[in-house]
>>> print(open('upload.csv').read())   # CSV, C-alpha atoms and all ligand atoms
chain,number,residue,atom,x,y,z
A,648,MET,CA,4.4,-31.5,-20.8
A,649,LYS,CA,1.9,-29.1,-19.2
A,650,LEU,CA,3.7,-26.0,-18.0
A,651,THR,CA,2.8,-23.4,-15.4
A,652,MET,CA,4.7,-20.6,-13.7
A,653,PRO,CA,4.1,-18.2,-10.8
A,654,HIS,CA,2.7,-14.8,-11.6
A,655,LEU,CA,4.8,-11.7,-11.8
A,656,GLY,CA,2.6,-8.9,-13.0
A,657,ASN,CA,2.0,-9.1,-16.8
A,658,THR,CA,4.7,-11.8,-17.5
A,659,TYR,CA,1.9,-14.4,-17.8
A,660,LEU,CA,0.9,-12.8,-21.1
A,661,ALA,CA,4.4,-13.1,-22.5
A,662,ALA,CA,4.7,-16.7,-21.2
A,663,LYS,CA,1.4,-17.6,-22.8
A,664,ALA,CA,2.4,-16.1,-26.1
A,665,LEU,CA,5.7,-18.0,-26.0
A,666,PHE,CA,4.3,-21.4,-25.1
A,667,ASP,CA,1.3,-21.1,-27.4
A,668,GLY,CA,3.8,-20.2,-30.2
A,669,MET,CA,5.9,-23.3,-29.3
A,670,GLY,CA,2.8,-25.5,-29.2
A,671,ILE,CA,3.3,-26.4,-25.5
A,672,ASP,CA,0.4,-26.6,-23.1
A,673,PHE,CA,0.6,-23.7,-20.7
A,674,ILE,CA,-1.6,-23.3,-17.7
A,675,VAL,CA,-2.0,-19.8,-16.4
A,676,PRO,CA,-2.6,-20.2,-12.7
A,677,GLU,CA,-5.4,-18.3,-11.0
A,678,PHE,CA,-4.4,-14.7,-10.5
A,679,SER,CA,-2.6,-14.3,-7.1
A,680,ASN,CA,-5.2,-14.3,-4.4
A,681,ARG,CA,-5.8,-14.9,-0.7
A,682,GLU,CA,-6.0,-18.6,-1.2
A,683,ALA,CA,-2.6,-18.8,-2.9
A,684,LEU,CA,-1.2,-16.8,0.0
A,685,GLU,CA,-2.8,-19.1,2.5
A,686,ILE,CA,-1.4,-22.2,0.8
A,687,GLY,CA,2.1,-20.6,0.8
A,688,SER,CA,1.8,-19.5,4.4
A,689,LYS,CA,0.7,-23.0,5.5
A,690,TYR,CA,3.7,-24.8,4.0
A,691,ALA,CA,6.6,-22.3,3.8
A,692,PRO,CA,8.9,-21.4,6.7
A,693,ASP,CA,7.6,-18.4,8.6
A,694,GLU,CA,10.7,-16.4,8.1
A,695,ILE,CA,10.7,-16.6,4.3
A,696,CYS,CA,9.5,-13.5,2.5
A,697,LEU,CA,6.1,-12.8,1.0
A,698,PRO,CA,7.0,-13.4,-2.7
A,699,PHE,CA,7.9,-17.0,-2.0
A,700,LYS,CA,4.6,-17.7,-0.3
A,701,ILE,CA,2.4,-16.2,-3.1
A,702,MET,CA,4.5,-17.9,-5.8
A,703,PHE,CA,4.3,-21.2,-4.0
A,704,GLY,CA,0.5,-20.9,-3.9
A,705,ASN,CA,0.5,-20.1,-7.6
A,706,ILE,CA,2.4,-23.3,-8.4
A,707,ILE,CA,0.1,-25.4,-6.3
A,708,GLN,CA,-2.9,-23.8,-8.0
A,709,GLY,CA,-1.4,-24.4,-11.4
A,710,TYR,CA,-0.7,-28.0,-10.4
A,711,LYS,CA,-4.3,-28.5,-9.3
A,712,ALA,CA,-5.4,-27.1,-12.7
A,713,GLY,CA,-3.4,-29.9,-14.4
A,714,ALA,CA,0.2,-28.7,-14.8
A,715,ASP,CA,3.0,-31.3,-14.4
A,716,THR,CA,6.0,-28.9,-14.7
A,717,ALA,CA,6.6,-25.4,-13.3
A,718,ILE,CA,9.2,-22.9,-14.4
A,719,ILE,CA,10.8,-20.7,-11.8
A,720,THR,CA,13.7,-18.4,-11.9
A,721,GLY,CA,16.7,-18.8,-9.6
A,722,SER,CA,19.7,-16.9,-8.3
A,723,CYS,CA,22.7,-17.4,-6.1
A,724,GLY,CA,22.2,-13.8,-4.9
A,725,PRO,CA,23.0,-12.6,-1.4
A,726,CYS,CA,19.3,-12.3,-0.3
A,727,ARG,CA,16.8,-15.1,0.4
A,728,TYR,CA,16.1,-15.4,-3.3
A,729,GLY,CA,19.2,-17.5,-3.5
A,730,GLU,CA,17.4,-20.1,-1.3
A,731,TYR,CA,14.2,-20.1,-3.3
A,732,CYS,CA,15.1,-22.9,-5.6
A,733,GLU,CA,16.0,-25.5,-2.9
A,734,LEU,CA,13.1,-24.3,-0.8
A,735,PHE,CA,10.6,-24.7,-3.6
A,736,LYS,CA,11.8,-28.3,-4.1
A,737,ASN,CA,11.5,-29.2,-0.4
A,738,THR,CA,8.3,-27.3,0.3
A,739,LEU,CA,6.5,-28.8,-2.7
A,740,LYS,CA,7.5,-32.3,-1.5
A,741,LYS,CA,6.2,-31.4,2.0
A,742,ALA,CA,2.9,-30.3,0.4
A,743,GLY,CA,2.7,-33.6,-1.5
A,744,CYS,CA,2.9,-31.8,-4.9
A,745,ASN,CA,4.5,-34.0,-7.4
A,746,ILE,CA,5.5,-31.4,-10.0
A,747,ASN,CA,8.7,-31.1,-12.0
A,748,LEU,CA,10.7,-27.9,-11.6
A,749,ILE,CA,12.7,-26.2,-14.3
A,750,VAL,CA,14.9,-23.5,-12.7
A,751,VAL,CA,16.0,-20.8,-15.1
A,752,ASP,CA,19.2,-19.4,-13.5
A,753,GLN,CA,21.6,-16.8,-14.7
A,754,PRO,CA,24.4,-18.2,-16.9
A,755,LYS,CA,27.0,-16.5,-14.6
A,756,ASP,CA,25.7,-18.7,-11.8
A,757,ILE,CA,25.2,-22.1,-13.5
A,758,GLY,CA,27.1,-21.7,-16.8
A,759,ILE,CA,25.7,-21.4,-20.3
A,760,LYS,CA,25.8,-25.1,-20.9
A,761,GLU,CA,23.7,-26.0,-18.0
A,762,LEU,CA,21.2,-23.2,-18.8
A,763,LEU,CA,20.9,-24.5,-22.4
A,764,ARG,CA,20.3,-28.0,-21.0
A,765,ARG,CA,17.5,-26.8,-18.8
A,766,ILE,CA,15.9,-24.7,-21.6
A,767,GLY,CA,16.4,-27.8,-23.9
A,768,LYS,CA,13.9,-29.7,-21.7
A,769,ILE,CA,11.2,-27.2,-22.7
A,770,SER,CA,12.3,-27.1,-26.3
A,771,GLU,CA,12.1,-30.9,-26.6
A,772,ALA,CA,8.5,-30.8,-25.6
A,773,SER,CA,7.7,-28.5,-28.6
A,774,ASN,CA,6.7,-29.9,-32.0
A,775,LYS,CA,7.7,-26.7,-33.7
A,776,SER,CA,10.9,-26.2,-35.8
A,777,ARG,CA,13.9,-24.3,-34.4
A,778,ASN,CA,12.9,-21.2,-36.4
A,779,GLU,CA,9.3,-21.3,-35.2
A,780,GLN,CA,10.6,-21.5,-31.6
A,781,ILE,CA,12.9,-18.5,-32.1
A,782,ARG,CA,10.0,-16.6,-33.6
A,783,ALA,CA,7.8,-17.5,-30.6
A,784,LEU,CA,10.5,-16.1,-28.3
A,785,PHE,CA,10.6,-12.8,-30.3
A,786,ASN,CA,6.8,-12.6,-30.3
A,787,ALA,CA,6.8,-13.1,-26.5
A,788,TYR,CA,9.3,-10.2,-26.1
A,789,LYS,CA,7.1,-8.1,-28.3
A,790,VAL,CA,4.1,-8.9,-26.1
A,791,ILE,CA,5.9,-7.9,-22.9
A,792,LYS,CA,7.2,-4.7,-24.4
A,793,LEU,CA,3.7,-3.8,-25.7
A,794,ILE,CA,1.9,-4.5,-22.4
A,795,ASP,CA,4.5,-2.7,-20.4
A,796,TYR,CA,4.2,0.3,-22.7
A,797,ILE,CA,0.4,0.3,-22.5
A,798,GLU,CA,0.3,-0.1,-18.8
A,799,GLY,CA,3.0,2.6,-18.2
A,800,THR,CA,1.3,5.1,-20.5
A,801,ALA,CA,-2.1,4.5,-19.1
A,802,ARG,CA,-1.0,4.8,-15.5
A,803,TYR,CA,0.9,8.0,-16.2
A,804,LEU,CA,-1.8,9.7,-18.3
A,805,ALA,CA,-4.5,8.8,-15.8
A,806,GLY,CA,-3.6,12.0,-13.9
A,807,TYR,CA,-4.4,14.0,-17.1
A,808,GLU,CA,-7.6,12.3,-18.3
A,809,VAL,CA,-10.7,14.4,-18.9
A,810,GLU,CA,-13.2,11.7,-18.1
A,811,LYS,CA,-12.1,9.8,-14.9
A,812,GLY,CA,-11.5,6.1,-15.2
A,813,GLN,CA,-11.0,5.9,-19.0
A,814,PHE,CA,-7.4,4.7,-18.8
A,815,LYS,CA,-8.1,2.2,-16.1
A,816,LYS,CA,-11.0,0.8,-18.2
A,817,LEU,CA,-8.7,0.5,-21.3
A,818,LEU,CA,-6.0,-1.3,-19.3
A,819,GLN,CA,-8.5,-3.8,-17.8
A,820,ASN,CA,-10.0,-4.5,-21.2
A,821,CYS,CA,-6.6,-4.8,-22.8
A,822,LYS,CA,-5.4,-7.4,-20.3
A,823,LYS,CA,-8.7,-9.3,-20.6
A,824,ASP,CA,-8.7,-9.3,-24.4
A,825,ALA,CA,-5.0,-10.3,-24.6
A,826,GLY,CA,-5.5,-13.1,-22.1
A,827,LYS,CA,-8.2,-14.7,-24.2
A,828,CYS,CA,-5.8,-15.0,-27.3
A,829,ASP,CA,-4.4,-18.5,-28.0
A,830,ASP,CA,-2.4,-17.2,-30.9
A,831,PRO,CA,0.6,-15.0,-30.2
A,832,ILE,CA,0.1,-13.0,-33.5
A,833,LYS,CA,-3.5,-12.3,-32.5
A,834,MET,CA,-2.3,-11.3,-29.1
A,835,ILE,CA,0.1,-8.8,-30.6
A,836,GLU,CA,-2.7,-7.4,-32.8
A,837,VAL,CA,-5.0,-7.0,-29.8
A,838,LEU,CA,-2.2,-5.2,-27.8
A,839,GLU,CA,-1.4,-2.9,-30.8
A,840,LYS,CA,-5.1,-2.1,-31.1
A,841,HIS,CA,-5.2,-1.0,-27.4
A,842,LYS,CA,-2.0,0.9,-27.8
A,843,ARG,CA,-3.6,2.9,-30.6
A,844,ASN,CA,-6.7,3.4,-28.5
A,845,LEU,CA,-4.6,5.1,-25.8
A,846,LYS,CA,-4.4,8.1,-28.2
A,847,HIS,CA,-8.2,8.4,-28.4
A,848,ILE,CA,-8.7,9.1,-24.7
A,849,LYS,CA,-9.0,12.8,-24.1
A,850,ILE,CA,-6.4,14.4,-21.9
A,851,ASP,CA,-6.0,17.9,-20.5
A,852,LYS,CA,-2.4,18.9,-20.9
A,853,ASP,CA,-2.9,21.9,-18.6
A,854,LYS,CA,-3.7,19.7,-15.6
A,855,ASP,CA,-0.9,19.5,-13.0
A,856,PRO,CA,-1.6,16.2,-11.2
A,857,ILE,CA,0.4,14.7,-8.4
A,858,ARG,CA,3.1,12.6,-9.8
A,859,ILE,CA,4.5,9.6,-7.9
A,860,ALA,CA,7.3,7.1,-8.7
A,861,ILE,CA,6.9,3.6,-7.4
A,862,ILE,CA,10.1,1.9,-6.3
A,863,GLY,CA,11.2,-1.0,-4.2
A,864,GLU,CA,11.4,-4.8,-4.3
A,865,ILE,CA,10.7,-6.0,-7.8
A,866,TYR,CA,8.1,-8.7,-7.0
A,867,THR,CA,6.0,-6.5,-4.8
A,868,ILE,CA,6.0,-3.6,-7.2
A,869,LEU,CA,5.1,-5.8,-10.2
A,870,GLU,CA,2.6,-8.2,-8.6
A,871,PRO,CA,-0.6,-6.2,-7.9
A,872,PHE,CA,-2.0,-8.6,-5.3
A,873,ALA,CA,1.3,-8.3,-3.3
A,874,ASN,CA,1.1,-4.5,-3.2
A,875,LEU,CA,-2.7,-4.4,-2.5
A,876,TYR,CA,-3.3,-3.0,-6.0
A,877,ILE,CA,-1.6,0.3,-5.1
A,878,GLU,CA,-1.4,1.5,-8.8
A,879,ASP,CA,-5.1,1.0,-9.3
A,880,LYS,CA,-5.8,3.0,-6.1
A,881,LEU,CA,-3.5,5.8,-7.3
A,882,MET,CA,-5.3,5.8,-10.6
A,883,ASP,CA,-8.6,6.2,-8.8
A,884,TYR,CA,-7.2,9.2,-7.0
A,885,GLY,CA,-6.1,10.8,-10.3
A,886,ILE,CA,-2.4,10.4,-9.6
A,887,SER,CA,0.2,10.0,-12.4
A,888,VAL,CA,2.3,7.0,-11.6
A,889,LYS,CA,5.8,6.1,-13.0
A,890,LYS,CA,7.5,2.8,-12.5
A,891,GLY,CA,11.0,2.2,-14.0
A,892,ILE,CA,11.3,-1.4,-13.0
A,893,THR,CA,9.1,-3.5,-15.4
A,894,PRO,CA,9.5,-7.1,-16.8
A,895,SER,CA,10.8,-5.6,-20.1
A,896,TRP,CA,13.3,-3.5,-18.2
A,897,TRP,CA,14.4,-6.7,-16.4
A,898,ILE,CA,14.9,-8.6,-19.6
A,899,LYS,CA,17.0,-5.8,-21.1
A,900,ASP,CA,18.9,-5.3,-17.9
A,901,ALA,CA,19.7,-9.1,-17.7
A,902,ALA,CA,20.8,-9.2,-21.3
A,903,LEU,CA,23.2,-6.2,-20.9
A,904,VAL,CA,24.8,-7.4,-17.6
A,905,PRO,CA,27.5,-9.4,-19.3
A,906,LEU,CA,28.5,-6.3,-21.2
A,907,LYS,CA,28.3,-4.2,-18.1
A,908,ALA,CA,26.0,-1.9,-20.1
A,909,ASN,CA,22.9,-2.4,-18.0
A,910,SER,CA,20.9,0.4,-16.4
A,911,ILE,CA,23.7,2.9,-16.7
A,912,SER,CA,21.6,5.9,-15.8
A,913,ILE,CA,20.3,4.2,-12.6
A,914,ARG,CA,23.8,3.1,-11.6
A,915,ARG,CA,25.1,6.6,-12.1
A,916,ALA,CA,22.2,8.1,-10.1
A,917,SER,CA,22.8,5.7,-7.2
A,918,LYS,CA,26.5,6.2,-7.0
A,919,GLU,CA,26.5,8.9,-4.4
A,920,TYR,CA,24.3,7.0,-1.9
A,921,LEU,CA,24.8,3.3,-2.7
A,922,PRO,CA,27.7,2.6,-5.1
A,923,LEU,CA,27.6,-1.2,-4.6
A,924,TYR,CA,25.1,-4.0,-5.3
A,925,VAL,CA,23.7,-5.4,-2.1
A,926,GLY,CA,21.3,-7.9,-3.5
A,927,GLY,CA,17.8,-7.6,-4.8
A,928,HIS,CA,17.1,-4.3,-6.5
A,929,ALA,CA,18.2,-2.0,-3.7
A,930,ARG,CA,20.6,-0.1,-5.9
A,931,GLU,CA,17.9,0.4,-8.5
A,932,CYS,CA,15.7,1.6,-5.7
A,933,ILE,CA,18.2,4.3,-4.7
A,934,GLY,CA,19.0,5.3,-8.3
A,935,GLU,CA,15.3,5.5,-9.2
A,936,THR,CA,14.6,7.8,-6.3
A,937,VAL,CA,17.4,10.2,-7.3
A,938,LEU,CA,16.1,10.2,-10.9
A,939,ALA,CA,12.5,10.7,-9.8
A,940,GLU,CA,13.5,13.9,-8.0
A,941,LYS,CA,15.5,15.1,-11.0
A,942,ASN,CA,12.6,14.4,-13.3
A,943,ASN,CA,10.3,16.6,-11.2
A,944,MET,CA,8.1,13.8,-9.7
A,945,ASP,CA,6.3,15.0,-6.5
A,946,GLY,CA,7.3,12.0,-4.4
A,947,VAL,CA,8.3,8.4,-4.2
A,948,ILE,CA,6.6,5.4,-2.6
A,949,GLN,CA,8.9,2.5,-1.8
A,950,ILE,CA,7.2,-0.9,-1.4
A,951,PHE,CA,8.8,-4.1,0.0
A,952,PRO,CA,8.0,-7.3,1.8
A,953,LEU,CA,8.6,-7.5,5.6
A,954,GLY,CA,12.1,-8.6,6.3
A,955,CYS,CA,13.4,-8.0,2.7
A,956,MET,CA,17.1,-7.5,3.4
A,957,PRO,CA,18.2,-5.4,0.3
A,958,GLU,CA,15.2,-3.1,0.7
A,959,ILE,CA,15.9,-2.5,4.4
A,960,VAL,CA,19.3,-1.3,3.3
A,961,ALA,CA,17.7,1.0,0.8
A,962,LYS,CA,15.1,2.2,3.3
A,963,ALA,CA,17.9,3.3,5.7
A,964,ILE,CA,19.4,5.4,2.9
A,965,LEU,CA,16.2,7.0,1.6
A,966,PRO,CA,15.8,9.5,4.5
A,967,GLN,CA,19.2,11.0,3.6
A,968,ILE,CA,18.1,11.5,0.0
A,969,SER,CA,14.8,13.0,1.2
A,970,LYS,CA,16.7,15.4,3.5
A,971,ASP,CA,19.3,16.4,0.9
A,972,LYS,CA,16.8,17.0,-1.8
A,973,ASN,CA,13.8,18.1,0.2
A,974,PHE,CA,11.9,15.3,-1.5
A,975,PRO,CA,9.0,13.3,0.1
A,976,ILE,CA,9.5,9.6,0.3
A,977,MET,CA,7.2,7.0,2.0
A,978,SER,CA,8.0,3.4,2.6
A,979,LEU,CA,5.3,0.7,2.8
A,980,VAL,CA,6.0,-2.7,4.1
A,981,VAL,CA,3.7,-5.5,3.1
A,982,ASP,CA,3.2,-9.0,4.5
A,983,GLU,CA,0.2,-11.4,4.9
A,984,MET,CA,-1.0,-9.4,7.9
A,985,THR,CA,-1.1,-6.1,6.1
A,986,GLY,CA,-4.6,-4.5,6.6
A,987,GLU,CA,-6.2,-2.8,3.6
A,988,ALA,CA,-7.7,0.1,5.6
A,989,GLY,CA,-4.4,1.1,7.4
A,990,TYR,CA,-2.5,0.8,4.1
A,991,ALA,CA,-5.0,3.0,2.2
A,992,THR,CA,-4.9,5.6,5.0
A,993,ARG,CA,-1.2,5.9,4.7
A,994,ILE,CA,-1.4,6.4,1.0
A,995,GLU,CA,-4.1,9.0,1.4
A,996,ALA,CA,-2.0,10.9,4.0
A,997,PHE,CA,1.0,10.9,1.7
A,998,ILE,CA,-1.1,12.2,-1.2
A,999,ASP,CA,-2.4,14.9,1.1
A,1000,LEU,CA,1.1,15.9,2.0
A,1001,LEU,CA,2.1,16.1,-1.6
A,1002,GLU,CA,-1.0,18.2,-2.5
A,1003,ARG,CA,-0.2,20.7,0.3
A,1004,ARG,CA,3.4,21.0,-0.8
A,1005,LYS,CA,2.2,21.6,-4.4
A,1006,GLU,CA,-0.3,24.3,-3.3
A,1007,LYS,CA,2.4,26.1,-1.3
A,1008,CYS,CA,4.6,26.2,-4.4
A,1009,ILE,CA,1.8,27.6,-6.5
A,1010,ILE,CA,1.1,30.4,-3.9
B,1,LIG,S1,14.7,-9.2,-2.6
B,1,LIG,FE1,13.7,-9.3,-0.6
B,1,LIG,S2,11.7,-10.1,-0.9
B,1,LIG,FE2,12.9,-10.6,-2.8
B,1,LIG,S3,13.7,-12.6,-2.3
B,1,LIG,FE3,15.3,-11.1,-1.7
B,1,LIG,S4,14.8,-10.8,0.5
B,1,LIG,FE4,13.0,-11.8,-0.4
>>> encode(input="upload.csv", output="structure tokens")
Amino acid sequence: MKLTMPHLGNTYLAAKALFDGMGIDFIVPEFSNREALEIGSKYAPDEICLPFKIMFGNIIQGYKAGADTAIITGSCGPCRYGEYCELFKNTLKKAGCNINLIVVDQPKDIGIKELLRRIGKISEASNKSRNEQIRALFNAYKVIKLIDYIEGTARYLAGYEVEKGQFKKLLQNCKKDAGKCDDPIKMIEVLEKHKRNLKHIKIDKDKDPIRIAIIGEIYTILEPFANLYIEDKLMDYGISVKKGITPSWWIKDAALVPLKANSISIRRASKEYLPLYVGGHARECIGETVLAEKNNMDGVIQIFPLGCMPEIVAKAILPQISKDKNFPIMSLVVDEMTGEAGYATRIEAFIDLLERRKEKCII
């Protein structure tokens, strides 16, 4: 078995650690790029959302690199994500791609027995003992927690760095070094080294940078190609960025759902404006916005793909929060036609607005 899976931010590092630890060949597809999007746009139905198109392109590129099986996640949720699994099967057939699909669905949708059967297919391909496989799983979790911590800290502290570009460089080197490791223990050591190095970068605590929270549809905020590398751009502008939704958050949230103990603070914060789940991460989007204002962030940027139903609901609620709390919020919609120049101009205009508000407060 040669596995691959579509990109979702840093999850490829955890997947690599997991499958290397299990002794299963894992092919990391090329990082999401124009070609992947073009492949997706060519075969996928026009009305399907951007994440499907890029993920489809990733799978095809992984297949061309030698993978015979792809892992995808599924859901029966109310938005288009519920159609992804069937659509992947049909569209791959249409593209002449003869790859097996393993769909990892939530147990509440397919039952624990069926989930274990699907995971069992992967486990059977491993020559490692049960204990070694469980260790591989724990190491993968360690990897995702570490990289999320390093990325979150670097992006936030970028606004305070004395020498511009240091945190960005550290983050790039960290991902590059971790990606080269074929041994999960080595990968953890590399990540821990970079985590320690975060402390060696000089920061000026007296600085008062603009602080922005990124919220929105989970795929577009996690996959840098889908959001036109917004976090890198903000780092270049010297902005401190916070993002509550990360892969490690997602794992913790999914694990706590059966106990109804997931994301309690976000749920509480969203209660006044959106007390129900409407699919996707719309409720988290609202909760995160309310929390961002409470935590003295200067503004919020919502990012979502064109036609994303849950985020359209959230977008309709955000102006009310903005008005009630006198809090700046900007929504950015992305699709395959989004132009880099217009996108950057909107971000710059928003930063300008935040800077002027801040200056007024100081005067
Ligand atoms: S949340 Fe939005 S972008 Fe994601 S699958 Fe659902 S409709 Fe598509």
>>> closest_atom_pairs(input="upload.csv", of="chain A", to="ligand LIG 1 (chain B)", cutoff="12 Å", atoms="only C-alpha atoms and all ligand atoms", output="Markdown table")
| residue | atom | partner | partner_atom | distance |
| --- | --- | --- | --- | --- |
| A:Glu694 | CA | B:LIG1 | FE4 | 9.9 |
| A:Ile695 | CA | B:LIG1 | FE4 | 7.1 |
| A:Cys696 | CA | B:LIG1 | FE4 | 4.9 |
| A:Leu697 | CA | B:LIG1 | S2 | 6.5 |
| A:Pro698 | CA | B:LIG1 | S2 | 6.0 |
| A:Phe699 | CA | B:LIG1 | S3 | 7.3 |
| A:Lys700 | CA | B:LIG1 | FE4 | 10.3 |
| A:Ile701 | CA | B:LIG1 | S2 | 11.3 |
| A:Met702 | CA | B:LIG1 | S3 | 11.2 |
| A:Thr720 | CA | B:LIG1 | S3 | 11.2 |
| A:Gly721 | CA | B:LIG1 | S3 | 10.0 |
| A:Ser722 | CA | B:LIG1 | S3 | 9.5 |
| A:Cys723 | CA | B:LIG1 | FE3 | 10.7 |
| A:Gly724 | CA | B:LIG1 | FE3 | 8.1 |
| A:Pro725 | CA | B:LIG1 | FE3 | 7.9 |
| A:Cys726 | CA | B:LIG1 | FE3 | 4.4 |
| A:Arg727 | CA | B:LIG1 | S4 | 4.7 |
| A:Tyr728 | CA | B:LIG1 | S3 | 3.8 |
| A:Gly729 | CA | B:LIG1 | S3 | 7.5 |
| A:Glu730 | CA | B:LIG1 | S3 | 8.4 |
| A:Tyr731 | CA | B:LIG1 | S3 | 7.6 |
| A:Cys732 | CA | B:LIG1 | S3 | 10.9 |
| A:Leu734 | CA | B:LIG1 | S3 | 11.8 |
| A:Gly863 | CA | B:LIG1 | S1 | 9.1 |
| A:Glu864 | CA | B:LIG1 | S1 | 5.8 |
| A:Ile865 | CA | B:LIG1 | FE2 | 7.1 |
| A:Tyr866 | CA | B:LIG1 | FE2 | 6.7 |
| A:Thr867 | CA | B:LIG1 | S2 | 7.8 |
| A:Ile868 | CA | B:LIG1 | S2 | 10.7 |
| A:Leu869 | CA | B:LIG1 | FE2 | 11.8 |
| A:Ala873 | CA | B:LIG1 | S2 | 10.8 |
| A:Tyr924 | CA | B:LIG1 | S1 | 11.9 |
| A:Val925 | CA | B:LIG1 | S1 | 9.8 |
| A:Gly926 | CA | B:LIG1 | S1 | 6.8 |
| A:Gly927 | CA | B:LIG1 | S1 | 4.1 |
| A:His928 | CA | B:LIG1 | S1 | 6.7 |
| A:Ala929 | CA | B:LIG1 | S1 | 8.1 |
| A:Arg930 | CA | B:LIG1 | S1 | 11.3 |
| A:Glu931 | CA | B:LIG1 | S1 | 11.7 |
| A:Cys932 | CA | B:LIG1 | S1 | 11.3 |
| A:Ile950 | CA | B:LIG1 | S2 | 10.3 |
| A:Phe951 | CA | B:LIG1 | S2 | 6.7 |
| A:Pro952 | CA | B:LIG1 | S2 | 5.4 |
| A:Leu953 | CA | B:LIG1 | S2 | 7.7 |
| A:Gly954 | CA | B:LIG1 | S4 | 6.8 |
| A:Cys955 | CA | B:LIG1 | FE1 | 3.6 |
| A:Met956 | CA | B:LIG1 | S4 | 5.0 |
| A:Pro957 | CA | B:LIG1 | S1 | 5.9 |
| A:Glu958 | CA | B:LIG1 | FE1 | 6.5 |
| A:Ile959 | CA | B:LIG1 | FE1 | 8.7 |
| A:Val960 | CA | B:LIG1 | FE1 | 10.5 |
| A:Ala961 | CA | B:LIG1 | FE1 | 11.1 |
| A:Val980 | CA | B:LIG1 | S2 | 10.6 |
| A:Val981 | CA | B:LIG1 | S2 | 10.1 |
| A:Asp982 | CA | B:LIG1 | S2 | 10.1 |
>>> residues_around(input="upload.csv", residues="A:Val904", least_positions_apart="6", cutoff="12 Å", atoms="all atoms listed in the file", output="ChimeraX atom specification")
/A:753-755,897-898,910-911
>>> residues_around(input="upload.csv", residues="stretch 738-748 of chain A", least_positions_apart="2", cutoff="6 Å", atoms="only C-alpha atoms", output="list in words")
Asp715, Thr716, Ala717, Ile718, Leu734, Phe735 and Lys736 of chain A
>>> write_last_selection(input="upload.csv", atoms="C-alpha atoms", output="PDB file, in the coordinates of the input")
ATOM      1  CA  ASP A 715       3.000 -31.300 -14.400  1.00  0.00           C
ATOM      2  CA  THR A 716       6.000 -28.900 -14.700  1.00  0.00           C
ATOM      3  CA  ALA A 717       6.600 -25.400 -13.300  1.00  0.00           C
ATOM      4  CA  ILE A 718       9.200 -22.900 -14.400  1.00  0.00           C
ATOM      5  CA  LEU A 734      13.100 -24.300  -0.800  1.00  0.00           C
ATOM      6  CA  PHE A 735      10.600 -24.700  -3.600  1.00  0.00           C
ATOM      7  CA  LYS A 736      11.800 -28.300  -4.100  1.00  0.00           C
TER       8      LYS A 736
END
>>> residues_around(input="upload.csv", residues="A:Asp999", least_positions_apart="5", cutoff="12 Å", atoms="all atoms listed in the file", output="PDB file with C-alpha atoms, in the coordinates of the input")
ATOM      1  CA  ILE A 857       0.400  14.700  -8.400  1.00  0.00           C
ATOM      2  CA  TYR A 884      -7.200   9.200  -7.000  1.00  0.00           C
ATOM      3  CA  ILE A 886      -2.400  10.400  -9.600  1.00  0.00           C
ATOM      4  CA  ASP A 945       6.300  15.000  -6.500  1.00  0.00           C
ATOM      5  CA  GLY A 946       7.300  12.000  -4.400  1.00  0.00           C
ATOM      6  CA  PRO A 975       9.000  13.300   0.100  1.00  0.00           C
ATOM      7  CA  THR A 992      -4.900   5.600   5.000  1.00  0.00           C
ATOM      8  CA  ARG A 993      -1.200   5.900   4.700  1.00  0.00           C
ATOM      9  CA  ILE A 994      -1.400   6.400   1.000  1.00  0.00           C
ATOM     10  CA  ARG A1004       3.400  21.000  -0.800  1.00  0.00           C
ATOM     11  CA  LYS A1005       2.200  21.600  -4.400  1.00  0.00           C
ATOM     12  CA  GLU A1006      -0.300  24.300  -3.300  1.00  0.00           C
TER      13      GLU A1006
END
>>> residues_around(input="upload.csv", residues="A:Leu684", least_positions_apart="3", cutoff="7 Å", atoms="all atoms listed in the file", output="list in words")
Asn680, Arg681, Gly687, Ser688, Lys700, Ile701 and Gly704 of chain A
>>> atom_distance(input="upload.csv", atom1="atom CA of A:Glu919", atom2="atom CA of A:Ala901")
23.4 Å
>>> closest_atom_pairs(input="upload.csv", of="stretch 814-926 of chain A", to="stretch 669-675 of chain A", cutoff="12 Å", atoms="all atoms listed in the file", output="Markdown table")
| residue | atom | partner | partner_atom | distance |
| --- | --- | --- | --- | --- |
| A:Gly826 | CA | A:Val675 | CA | 9.5 |
| A:Lys827 | CA | A:Val675 | CA | 11.2 |
| A:Asp829 | CA | A:Gly670 | CA | 10.1 |
| A:Asp830 | CA | A:Gly670 | CA | 9.9 |
| A:Pro831 | CA | A:Met669 | CA | 9.9 |
>>> atom_distance(input="upload.csv", atom1="atom CA of A:Asn942", atom2="atom CA of A:Lys1007")
19.6 Å
>>> residues_around(input="upload.csv", residues="stretch 794-805 of chain A", least_positions_apart="2", cutoff="8 Å", atoms="all atoms listed in the file", output="list in words")
Asn657, Val790, Ile791, Lys792, Tyr807, Glu808, Lys811, Gly812, Gln813, Phe814, Lys815, Leu818, Leu838, His841, Lys842, Leu845, Ile850, Glu878, Met882, Gly885, Ile886, Ser887, Val888, Lys889, Lys890, Thr893, Pro894 and Ser895 of chain A
>>> closest_residue(input="upload.csv", among="A:Ala662, A:Ile913, A:Val947, A:Leu655", to="A:Pro966", atoms="all atoms listed in the file")
A:Val947
>>> atom_distance(input="upload.csv", atom1="atom CA of A:Lys899", atom2="atom CA of A:Val751")
16.2 Å
>>> closest_residue(input="upload.csv", among="A:Ala787, A:Tyr920, A:Tyr876, A:Gly806", to="A:Asp853", atoms="only C-alpha atoms")
A:Gly806
>>> closest_residue(input="upload.csv", among="A:Arg914, A:Asn737, A:Phe997, A:Lys775", to="A:Ile859", atoms="all atoms listed in the file")
A:Phe997
